[in-house]
Amino acid sequence: MAGALRAVNIGLGDFLSPFRDGGTPFVDVDWKPPAQGDPELIDILFDLTAGFRDAHGASLIDQANQTGLRRILAAQPVVRRVLPARELIPDFDENVILHAGPPIEWENMCGPMRGAILGAVLYEGLAPDEAGAERLLHSGSVVCRTNFSRGVVAPMAGAVSRSMPLFLVENETAGNVAHSPIHEGSGRALRFGVSRPPVLARLKWLERTLAPALDRALAAAGGVALKPIMSQALLMGDEMHQRNVAASLAFHRSLAAGLVDAAESSDDLKGIVSFLTLENEQFFLNLAMAAAKTAMDAARGIPHSTLITAMNRNGVDFGLHLAATGDRWFTAPSLYPKGLYFPGYSEADANPDMGDSAIVECYGVGGMALSAVPSVAHLVGAGNLMESLGYTFEMNHICVGRDPDLAIPNCDFAGAPAGIDVRRVVATGILPLIISGVAHHQAGIGQVGAGLVTPPMEVMNKALRAFHRMAVK
């Protein structure tokens, strides 16, 4: 005699209604076809899995990705100096302004990036006013280049000019370096497309007062290792993108004694301490970005590797680098963050996502480690602790390993996800989770909220197709 009816449902939830209504026991399997059901991508994934093996049958891609992961985990970023960009980047001409994200022409830039670029031109004294600055940009007398083209990372619009001070961060393991500007602090800022006189005055204070003092203090200390600070900060409730309270204070503590001697006057010291400890909880963000870039750059240029080594956005396009394809950009339209808005603003005011700061997610922190900071998860509209745990567990499905030095307490001290594999992203449909500020789409207004965003799936599909074409040649 047949047993009682039991059912297994795979995929479509609509089939469950008869079982629920009839009281039939069932198991619902959350299944989706790989690669969003795209036959071409499925064939590519199968080809990359079945082929590309060495003489012993081992996957060349898996071996390359493990090599990349080892280089990422071995990186030991140390901040050495704070110097004007022109001293750190020899080919930084006075008519060049750098910007975040993949390459884009002035005419195609979004509002906040245009505002930031104009502000950088004024900061350099290349024009007397915004109208004059815009004429220089339209005529080509001032040209725009990507931050990545000069080894720089900067948040949001990311405008960097040759007089702005940059951190020099060195990966002691591999010897490569990266640069980032000093974080401006909260409120209206150039990175959000605001170029009013108070914003430019604050940038000049960073250049003339804070940067020289930091450089002298760093020289006296012999540099400051950044990964130990990041490790400690994760244990104290930071995730290194939206929340950097513990990391910023730890960095200041490491230089506090040196700053006393480095400041040129008691008034300067008072202003520096106030800025670092009271006015700028996000100070460490830019350092975390440069640290992450040194780690990810160490994994660049590995043949057969499908690891994602860079993600960034210019407010119009999302850009992506793969380890095996080097400097080649893959792009697709940038998405809008989903989250919380300041009073008086809504999604209608938002600009598409922007900034180089997603480099920290490439490294495995930020949105990838959202469970470390449930309070931030709530702030950016991601729900409660259990939901934030779910996000981090999901990120493990698209990464090839974890970083034991970046332990997450709420995940039973498991390491942060490390090494995003574009194959896994396309196969599962799970996209890297990025925390982001939200800029108003008009220049001059500034930040209007914060939220979560992902890369567009289109850019992942493009990168995988290009990798496959390169691999089969």
# chains A, B, ... in the order shown; residues from 1 in each chain; ligands from 1

$ residues_around --residues "Val425 (chain A)" --least-positions-apart "2" --cutoff "12 Å" --atoms "only C-alpha atoms" --output "VMD selection string"
chain A and resid 34 to 36 41 45 306 to 308 394 to 400 419 to 423 427 to 433 454 to 461 463 to 464

$ write_last_selection --atoms "C-alpha atoms" --output "JSON list (two decimals), in the first residue's frame"
[["chain", "number", "residue", "atom", "x", "y", "z"],
["A", 34, "PRO", "CA", 22.10, 29.28, -12.82],
["A", 35, "ALA", "CA", 23.12, 32.46, -14.60],
["A", 36, "GLN", "CA", 19.54, 33.77, -14.55],
["A", 41, "LEU", "CA", 26.17, 32.11, -19.74],
["A", 45, "LEU", "CA", 30.11, 28.48, -16.79],
["A", 306, "THR", "CA", 38.28, 35.40, -12.15],
["A", 307, "LEU", "CA", 38.64, 37.42, -8.95],
["A", 308, "ILE", "CA", 37.17, 40.93, -8.96],
["A", 394, "GLU", "CA", 25.12, 35.15, 1.49],
["A", 395, "MET", "CA", 28.32, 36.98, 0.52],
["A", 396, "ASN", "CA", 30.30, 33.85, 1.41],
["A", 397, "HIS", "CA", 28.63, 32.08, -1.52],
["A", 398, "ILE", "CA", 30.36, 34.36, -4.02],
["A", 399, "CYS", "CA", 33.81, 34.45, -2.39],
["A", 400, "VAL", "CA", 36.64, 31.93, -2.58],
["A", 419, "GLY", "CA", 38.00, 37.09, -2.95],
["A", 420, "ILE", "CA", 34.82, 37.78, -4.96],
["A", 421, "ASP", "CA", 34.68, 35.34, -7.90],
["A", 422, "VAL", "CA", 32.76, 36.66, -10.90],
["A", 423, "ARG", "CA", 31.87, 33.06, -11.86],
["A", 427, "ALA", "CA", 26.10, 31.42, -11.41],
["A", 428, "THR", "CA", 24.20, 32.24, -8.21],
["A", 429, "GLY", "CA", 22.75, 35.63, -9.10],
["A", 430, "ILE", "CA", 24.07, 36.92, -5.75],
["A", 431, "LEU", "CA", 25.61, 40.36, -6.15],
["A", 432, "PRO", "CA", 28.20, 41.96, -3.84],
["A", 433, "LEU", "CA", 26.54, 44.22, -1.29],
["A", 454, "THR", "CA", 24.76, 46.35, -5.73],
["A", 455, "PRO", "CA", 26.60, 46.30, -9.02],
["A", 456, "PRO", "CA", 24.34, 45.85, -12.05],
["A", 457, "MET", "CA", 24.26, 42.19, -13.06],
["A", 458, "GLU", "CA", 25.00, 43.32, -16.60],
["A", 459, "VAL", "CA", 28.56, 44.28, -15.68],
["A", 460, "MET", "CA", 29.19, 40.84, -14.17],
["A", 461, "ASN", "CA", 27.87, 39.12, -17.29],
["A", 463, "ALA", "CA", 33.16, 40.56, -17.50],
["A", 464, "LEU", "CA", 32.53, 36.80, -17.53]]

$ closest_atom_pairs --of "region 93-120 of chain A" --to "region 434-449 of chain A" --cutoff "7 Å" --atoms "only C-alpha atoms" --output "Markdown table"
| residue | atom | partner | partner_atom | distance |
| --- | --- | --- | --- | --- |
| A:Gly111 | CA | A:Ala443 | CA | 4.8 |
| A:Pro112 | CA | A:Ala443 | CA | 4.3 |
| A:Arg114 | CA | A:Ala443 | CA | 6.9 |
| A:Gly115 | CA | A:Ala443 | CA | 4.9 |

$ write_last_selection --atoms "C-alpha atoms" --output "CSV table (one decimal), in the first residue's frame"
chain,number,residue,atom,x,y,z
A,111,GLY,CA,25.6,66.8,-11.5
A,112,PRO,CA,27.5,66.2,-8.2
A,114,ARG,CA,30.6,68.2,-12.2
A,115,GLY,CA,30.2,70.3,-9.0

$ residues_around --residues "Val177 (chain A)" --least-positions-apart "2" --cutoff "6 Å" --atoms "only C-alpha atoms" --output "list of chain:residue names"
A:Val169, A:Glu170, A:Thr294

$ residues_around --residues "Leu73 (chain A)" --least-positions-apart "3" --cutoff "9 Å" --atoms "only C-alpha atoms" --output "list in words"
Gly68, Leu69, Arg70, Gln76, Ala295, Arg402, Asp403, Pro404, Asp405 and Ala418 of chain A

$ atom_distance --atom1 "CA of Gly319 (chain A)" --atom2 "CA of Leu126 (chain A)"
29.6 Å

$ select_by_dssp --residues "region 160-400 of chain A" --states "helix (DSSP H, G or I)" --output "ChimeraX atom specification"
/A:190-192,197-221,227-235,245-262,266-277,285-297,347-349,359-363,366-372,374-379,385-396

$ atom_distance --atom1 "CA of Ala189 (chain A)" --atom2 "CA of His321 (chain A)"
28.2 Å

$ closest_residue --among "A:Thr325, A:Ala250, A:Ile359, A:Pro198" --to "Ala233 (chain A)" --atoms "only C-alpha atoms"
A:Ala250

$ residues_around --residues "region 244-247 of chain A" --least-positions-apart "4" --cutoff "6 Å" --atoms "only C-alpha atoms" --output "PyMOL selection string"
chain A and resi 229+233+238+240+281-282+284
